[in-house]
Amino acid sequence: CDWVAQFDHKLRSTMDAKELKGVDESLYSRQLYVYGADAQRRMQQTNVLLVGLQGLGVEIAKNIILSGVKSVGILDQEPVQISDLGSQFYLKESDVGKPRAECAIGQLTELNKYVNVHHIPVKSGCLMPYLDESVLKNYNLVVLTGKTVNEQIHVNKLCRKLGIMFIAADVHGLLGSVFIDLIELTVKDTNGEREKRGLISSISNDEKAIVTTLDKKRHDLNSGDFVVFTEVKGMKEINKGEPVKIKYKASNQFEIDLDTSKFSKYTTDGYFEQVKMPTTFKFDTLGDQVKRPTFQFYDGFEMECHCLRNAISAFQLKNGRMADPTKQEDVDSLIKFATDFASRVEVSVGEEWKAGYEIDKKKVEKLQRLAIGSRAQITPMTATLGGIVGQEIIKACMAKFTPIKQFFYFHALEALPEDAKPGPQYAAKKSRYDDYYAVFGEGVQAKIFDLNMFLIGSGAIGCEMLKNWAMMGLACGEKGQITITDMDTIEKSNLSRQFLFRPKDIGHMKAKVATAAAKVMNPKLNIHTDAIRVGTDTENVYDAAFWSKLDGATTALDNVKARLYIDQRCVEFSKPMVDSGTLGTKGNTQVVVPYLTEPYGEGASDQPEQGIPVCTLKSFPHKIEHTIQWARDKFEGWFSNGPSEVKSYIKDENYLEELASSPNEQLGNLSILNELLVEYKPKNFDDCVKWARLKYETLYHNDIVQLLTVYPENKTDAKGVPFWSGTKRRPSPLKFDADKDTDYEFIVAASNMFASVYGIEKCTDKKAIQKALSSVQLPKFVPDESMKIAATEEEAAEEKKGKKEEKEESNEGVVEQINKLTASLPPPSSIKDLDINPAKFEKDDPTNFHIDFITACSNLRAMNYRIKMESKHQTKFIAGKIIPAIATTTAMVTGMVCMEWYKIIQEFKLEAYRNSYANLALPMVTASEPFFPLKKEVKLFGEKKGEKLSFSSWDVIEIKIGNEMMKTFLRHFTKTYGYKVAGLAYGSFSLYQSMQKGEKWMKKRLKMPLGDVVQEISGQPLPKTDYLKLNLICHNPEENEDTPMDERVVEFPPVRFYYK
């Protein structure tokens, strides 16, 4: 094959070295899948100056230090106030009166050994009075927090003069503001999504050609995107040309800005590949933007927030202080400043700018509520803004993703009562919680102190949540408690976002370490720590008594199944839950409130993972994902499943008898045992090399030759369409060359994996391996002309069926094979000391050869099929199904979660709650009201005839008749509601089916107490609650022969049967 002959075999092996040069992959692995190594390296060359280290400042510092900028200079000479301890998590009471930066610098330095975190000493005589050009010139980006608008404008001017990027951000109570001036920034990747690629079925010969995808597959391109074409047959002129702009026409069609009218006619095959083109963003100064603002949209309240932010600054300049939340006159003054500013600000009307903006009465009332706590910084807001601002800093450092243009305002007005007014409830108490009193008042804070919360998970979200709760004072009262559970231990890759952990904590339990770190932040935090999985098998621990005393649950999980279980328990015990999740720059939150919102399970999408067709994996891969999954399958079969069978054969004396009872598996398993215990059982490492070399020949040469024998190059279907077209890529066999890196790496990884199975010492000595390779004798291979290989899933099913029938017909031959293989096996007693070690896939251990093997195995197959190979780093991502994660998104979603808890404890109506979704790469932050729970209605008969039962997932029917016989329970239900029970179940255990009521065993069961039936069928002790949760369906009493099948049974809410 020309392609294979021309291929640079050193390319793949140098991918990782080049891609990850200068980057600590083991530390940054999860964020590298978001940013990429090039962007990470650019970030590592950026120096950031951060001015202001209150709550927002320390959140920003934490996020960018974890992310890995080159250096962070901290400038804040202001003395620590007691109220700072409510959001600045690196301060303690003994720091009060000392300079903020000096107190926190040590702990910030511990976050990342690669980042130079330093304190800027206060300089007198400067205009700010401590910031001038001599300081600024050392940095690429300056970030200001806690400063007035006038100060921000002044520093922005200095930065512009020096060509330094500038960001200003602040939190004022429930109002957050961000301003971005990156001067001029060119980015190649505006969204962080992988480039789209797809097969095409036609390209028209037109002045603006129309491209159609194969099999009507979605192209997922947007107008304005650019593409190139490869492997197109017929219209060869279009291959590898310059990127061309596209215009969306349909989900499977797009128009290209290219004249193909004189090109050759398209015949078959070809791919389109998206190309990301550079985009340049230009920015105005803050001085210009204050008067003519450009907003990043959040909810349409941006101009009002802009006016209030400038009013807060004006009030501060005039009075030398922030507004007092207890004084109506201060709030009135802020509103006067805001409306005055609104009269001067310019708004765009068409293409012109017009002075004056009018804030209507309703919006003025909203601003009055926002203004009350405007002097405060509280953690739900600083965490949210800290994540957003941190991401904007990283964008500037990396020159990647779309920056905010230019103001972004975020508020949580809905967390305040509609009748909120200044008063003594907001007064300071010279406490670390003074800022929370200023925003929510004394009564709400008292409820926060006494919350009893269940936190499931202490990874990235869990760490941030504990920090937030420590700052808020959640569970710091006498009645309050947090229960946290997590079974995981700390790994190095956790350290780049799970900020409560340090290198010394690697290997320790996450929950325990996170708890200890959170208690340092607030010693009054009451936490109980577990390392127990939450599920049906631990309901004896997290039982009814446990759930009944909770005020709610917060999930910090990474899978839908676990979330659904927690949701079910919250529904059963009528407890609120707030869930959140992240995927790189994307984050979401969902609030679940009993009887008010839909449960998580009602809206959750738990779709099964899309599988790869068997034929595609076995014979016709066309994506690198296919070859990686194929390699994973080889890994599991060779190094895990096969060795596990050997272990069972040695340990289980009844193994062969049990295997004989499974005829479909018997021959295959015996063949595996024969290979691993007889034919290829290694005595030394040289034997492992031989085994690996033979596997190479089989997979990458012989199997391909066999496939091409069955389906030769010129084969066509009944319509004359070439067999090797579309998704079927014609492969080429590989010729082994020990001097080629790809081939050699496969041998090293496979032989070392095979050696580890048998406890043979590993070897990476090239001379020794080359020597062992030179002595391998390859058996002659002759392809089978009569062999059939399925080309479609339908053919595969037919082939499987045919083999089964053939096996049944030729049973005598199969028995002979089985007997021969069984006789070949050594007696288990003779190999009882054989040390067999089945591999358990572990992606994060660079010494175990797991990812090395999968990478080499996959890339060689990719070479067979002319598929672009992947680096080990990217193979690890795909094979390990890694969820990309970054500190900024995590911080943001946890802040949003905490804000929902303030609404829950105030028992607000539905319209106050927010489900949020954000994609910080775009940037986009949106929020919407949760849905009401789905309501169902049933017409009742019996004693309740004429009534209707309206219910949702939150409702239950309570039946209190004692532990009566099951038939008494069924009669009671029918008498009360007029419905005969068709089926009754306890969890997954069926207790009663009406169609079986005539059976002798069912008659016996009907006479037993219902509690005893549950205990007998489930095999479990009855729960500690005094009730059983039963599910039932009923016959429709109005059913007749015309009733549709789906209406013949009626669903009722669960029954809470009190058996005690």
# chains A, B, ... in the order shown; residues from 1 in each chain; ligands from 1
$ residues_around --residues "A:Val211" --least-positions-apart "3" --cutoff "10 Å" --atoms "only C-alpha atoms" --output "list in words"
Ile200, Ser201, Ser202, Ile203, Ser204, Asn205, Lys208, Leu214, Ile246, Lys249, Asn252, Gln253, Phe254, Glu255, Ile256 and Phe272 of chain A
$ atom_distance --atom1 "atom CA of A:Arg730" --atom2 "atom CA of A:Ala797"
22.9 Å
$ select_by_dssp --residues "stretch 662-874 of chain A" --states "helix (DSSP H, G or I)" --output "PyMOL selection string"
chain A and resi 663-679+685-710+741-757+766-774+793-809+811-824+828-831+850-864+872-874
$ closest_residue --among "A:Asp687, A:Glu572, A:Asp284, A:Glu365" --to "A:Tyr1027" --atoms "only C-alpha atoms"
A:Glu572
$ atom_distance --atom1 "atom CA of A:Met165" --atom2 "atom CA of A:Tyr298"
23.9 Å
$ residues_around --residues "A:Gly163" --least-positions-apart "3" --cutoff "10 Å" --atoms "only C-alpha atoms" --output "mmCIF file with N, CA and C atoms, in the first residue's frame"
data_model
loop_
_atom_site.group_PDB
_atom_site.id
_atom_site.type_symbol
_atom_site.label_atom_id
_atom_site.label_comp_id
_atom_site.auth_asym_id
_atom_site.auth_seq_id
_atom_site.Cartn_x
_atom_site.Cartn_y
_atom_site.Cartn_z
ATOM 1 N N LYS A 137 4.189 46.895 34.421
ATOM 2 C CA LYS A 137 4.942 46.434 33.253
ATOM 3 C C LYS A 137 5.441 44.995 33.364
ATOM 4 N N ASN A 140 1.276 40.535 32.074
ATOM 5 C CA ASN A 140 0.558 40.511 30.802
ATOM 6 C C ASN A 140 -0.906 40.885 30.967
ATOM 7 N N LEU A 141 -1.414 40.692 32.192
ATOM 8 C CA LEU A 141 -2.840 40.911 32.454
ATOM 9 C C LEU A 141 -3.008 41.420 33.879
ATOM 10 N N LYS A 157 -6.466 52.798 31.852
ATOM 11 C CA LYS A 157 -5.695 53.717 31.002
ATOM 12 C C LYS A 157 -4.211 53.392 31.048
ATOM 13 N N LEU A 158 -3.697 53.141 32.252
ATOM 14 C CA LEU A 158 -2.288 52.788 32.389
ATOM 15 C C LEU A 158 -1.975 51.498 31.629
ATOM 16 N N CYS A 159 -2.878 50.512 31.747
ATOM 17 C CA CYS A 159 -2.673 49.232 31.061
ATOM 18 C C CYS A 159 -2.687 49.419 29.547
ATOM 19 N N ARG A 160 -3.613 50.222 29.054
ATOM 20 C CA ARG A 160 -3.687 50.474 27.615
ATOM 21 C C ARG A 160 -2.379 51.086 27.111
ATOM 22 N N PHE A 166 -6.691 43.907 30.535
ATOM 23 C CA PHE A 166 -7.283 44.410 31.781
ATOM 24 C C PHE A 166 -8.658 43.788 32.014
ATOM 25 N N LEU A 182 -9.362 43.318 26.502
ATOM 26 C CA LEU A 182 -8.189 42.551 26.074
ATOM 27 C C LEU A 182 -7.499 43.224 24.877
ATOM 28 N N ILE A 183 -7.844 44.483 24.629
ATOM 29 C CA ILE A 183 -7.275 45.332 23.580
ATOM 30 C C ILE A 183 -7.625 44.757 22.206
ATOM 31 N N GLU A 184 -6.891 43.766 21.763
ATOM 32 C CA GLU A 184 -7.203 43.052 20.524
ATOM 33 C C GLU A 184 -6.700 41.623 20.676
#
$ atom_distance --atom1 "atom CA of A:Val122" --atom2 "atom CA of A:Ile105"
14.5 Å
$ select_by_dssp --residues "stretch 781-998 of chain A" --states "strand (DSSP E or B)" --output "tab-separated table (two decimals) with N, CA and C atoms, in the first residue's frame"
chain	number	residue	atom	x	y	z
A	915	ASN	N	-32.94	26.77	37.43
A	915	ASN	CA	-32.05	25.74	36.87
A	915	ASN	C	-31.12	26.47	35.91
A	916	SER	N	-29.84	26.28	36.06
A	916	SER	CA	-28.88	27.05	35.28
A	916	SER	C	-28.09	26.16	34.33
A	917	TYR	N	-27.70	26.78	33.22
A	917	TYR	CA	-26.80	26.12	32.27
A	917	TYR	C	-25.80	27.15	31.79
A	918	ALA	N	-24.56	26.77	31.71
A	918	ALA	CA	-23.53	27.69	31.25
A	918	ALA	C	-22.53	26.97	30.37
A	919	ASN	N	-22.01	27.70	29.41
A	919	ASN	CA	-20.86	27.26	28.63
A	919	ASN	C	-19.88	28.42	28.63
A	924	MET	N	-21.63	31.76	27.70
A	924	MET	CA	-23.08	31.79	27.83
A	924	MET	C	-23.47	31.33	29.23
A	925	VAL	N	-24.30	32.12	29.89
A	925	VAL	CA	-24.87	31.74	31.19
A	925	VAL	C	-26.36	31.99	31.10
A	926	THR	N	-27.14	30.95	31.29
A	926	THR	CA	-28.60	31.09	31.22
A	926	THR	C	-29.24	30.45	32.45
A	927	ALA	N	-30.44	30.90	32.74
A	927	ALA	CA	-31.18	30.35	33.88
A	927	ALA	C	-32.66	30.31	33.53
A	928	SER	N	-33.35	29.30	34.02
A	928	SER	CA	-34.78	29.18	33.76
A	928	SER	C	-35.48	28.62	34.99
A	936	LYS	N	-50.88	13.65	37.22
A	936	LYS	CA	-51.77	12.65	36.63
A	936	LYS	C	-53.08	12.66	37.41
A	937	GLU	N	-54.14	12.19	36.78
A	937	GLU	CA	-55.46	12.22	37.44
A	937	GLU	C	-56.18	10.90	37.21
A	938	VAL	N	-56.78	10.39	38.28
A	938	VAL	CA	-57.52	9.13	38.21
A	938	VAL	C	-58.92	9.35	38.76
A	939	LYS	N	-59.93	8.87	38.02
A	939	LYS	CA	-61.31	8.94	38.50
A	939	LYS	C	-61.54	7.80	39.48
A	948	LYS	N	-61.86	12.62	42.33
A	948	LYS	CA	-60.72	12.41	41.44
A	948	LYS	C	-59.44	12.51	42.26
A	949	LEU	N	-58.51	11.61	41.96
A	949	LEU	CA	-57.21	11.62	42.63
A	949	LEU	C	-56.18	12.24	41.68
A	950	SER	N	-55.70	13.43	42.05
A	950	SER	CA	-54.66	14.10	41.28
A	950	SER	C	-53.34	13.91	42.01
A	951	PHE	N	-52.33	13.42	41.29
A	951	PHE	CA	-51.08	13.13	41.98
A	951	PHE	C	-49.88	13.34	41.06
A	957	ILE	N	-50.14	7.20	48.60
A	957	ILE	CA	-51.39	6.85	49.27
A	957	ILE	C	-51.02	6.16	50.58
A	958	GLU	N	-51.56	6.61	51.66
A	958	GLU	CA	-51.27	5.99	52.96
A	958	GLU	C	-52.39	5.05	53.36
A	959	ILE	N	-52.01	3.84	53.71
A	959	ILE	CA	-52.98	2.85	54.18
A	959	ILE	C	-52.55	2.36	55.55
A	965	MET	N	-53.52	-9.54	56.44
A	965	MET	CA	-53.22	-10.44	55.33
A	965	MET	C	-53.21	-9.67	54.02
A	981	VAL	N	-56.71	-4.61	42.15
A	981	VAL	CA	-55.27	-4.56	41.94
A	981	VAL	C	-54.85	-5.62	40.94
A	982	ALA	N	-54.11	-5.20	39.91
A	982	ALA	CA	-53.61	-6.14	38.90
A	982	ALA	C	-52.22	-6.65	39.27
A	983	GLY	N	-51.43	-5.80	39.90
A	983	GLY	CA	-50.08	-6.20	40.28
A	983	GLY	C	-49.60	-5.38	41.46
A	984	LEU	N	-48.88	-6.04	42.38
A	984	LEU	CA	-48.37	-5.38	43.58
A	984	LEU	C	-46.89	-5.75	43.73
A	985	ALA	N	-46.05	-4.75	44.00
A	985	ALA	CA	-44.62	-5.01	44.07
A	985	ALA	C	-43.99	-4.22	45.22
A	986	TYR	N	-42.88	-4.78	45.73
A	986	TYR	CA	-42.05	-4.10	46.73
A	986	TYR	C	-40.67	-3.95	46.11
A	989	PHE	N	-39.33	-6.62	43.65
A	989	PHE	CA	-39.91	-7.93	44.00
A	989	PHE	C	-41.42	-7.92	43.77
A	990	SER	N	-41.89	-8.85	42.94
A	990	SER	CA	-43.32	-8.97	42.67
A	990	SER	C	-43.99	-9.74	43.79
A	991	LEU	N	-45.02	-9.14	44.38
A	991	LEU	CA	-45.74	-9.78	45.49
A	991	LEU	C	-47.04	-10.43	45.03
A	992	TYR	N	-47.65	-9.82	44.03
A	992	TYR	CA	-48.98	-10.31	43.63
A	992	TYR	C	-49.23	-9.97	42.17
A	993	GLN	N	-49.76	-10.94	41.40
A	993	GLN	CA	-50.26	-10.74	40.05
A	993	GLN	C	-51.65	-11.35	39.98
$ residues_around --residues "A:Arg1005" --least-positions-apart "3" --cutoff "12 Å" --atoms "only C-alpha atoms" --output "list in words"
Met965, Met966, Lys967, Thr968, Ser990, Leu991, Tyr992, Gln993, Gln996, Lys997, Gly998, Glu999, Lys1000, Trp1001, Met1002, Met1008, Pro1009, Leu1010, Gly1011, Asp1012, Val1013, Val1014, Gln1015, Glu1016 and Ile1017 of chain A
$ residues_around --residues "A:Asp330" --least-positions-apart "2" --cutoff "12 Å" --atoms "only C-alpha atoms" --output "PyMOL selection string"
chain A and resi 311-312+315-316+318-319+321-328+332-337+368+371-375+421-423
$ closest_residue --among "A:Asp505, A:Asp579, A:Glu242, A:Glu110" --to "A:Asp558" --atoms "only C-alpha atoms"
A:Asp579
$ closest_residue --among "A:Thr489, A:Thr145, A:Ser661, A:Ser871" --to "A:Gly52" --atoms "only C-alpha atoms"
A:Thr145
$ closest_residue --among "A:Glu392, A:Glu842, A:Glu793, A:Asp84" --to "A:Tyr436" --atoms "only C-alpha atoms"
A:Asp84
$ residues_around --residues "A:Val389" --least-positions-apart "6" --cutoff "8 Å" --atoms "only C-alpha atoms" --output "list in words"
Ile60, Ala169 and Val178 of chain A
$ write_last_selection --atoms "N, CA, C and O atoms" --output "PDB file, in the first residue's frame"
ATOM      1  N   ILE A  60     -10.805  34.032  42.456  1.00  0.00           N
ATOM      2  CA  ILE A  60     -10.126  34.184  41.169  1.00  0.00           C
ATOM      3  C   ILE A  60      -8.708  33.639  41.258  1.00  0.00           C
ATOM      4  O   ILE A  60      -8.250  32.881  40.386  1.00  0.00           O
ATOM      5  N   ALA A 169     -13.615  43.285  38.113  1.00  0.00           N
ATOM      6  CA  ALA A 169     -14.763  42.495  38.560  1.00  0.00           C
ATOM      7  C   ALA A 169     -15.087  42.825  40.007  1.00  0.00           C
ATOM      8  O   ALA A 169     -14.198  43.179  40.786  1.00  0.00           O
ATOM      9  N   VAL A 178     -18.588  42.239  35.709  1.00  0.00           N
ATOM     10  CA  VAL A 178     -17.317  41.914  35.056  1.00  0.00           C
ATOM     11  C   VAL A 178     -17.141  42.866  33.878  1.00  0.00           C
ATOM     12  O   VAL A 178     -18.085  43.095  33.110  1.00  0.00           O
TER      13      VAL A 178
END
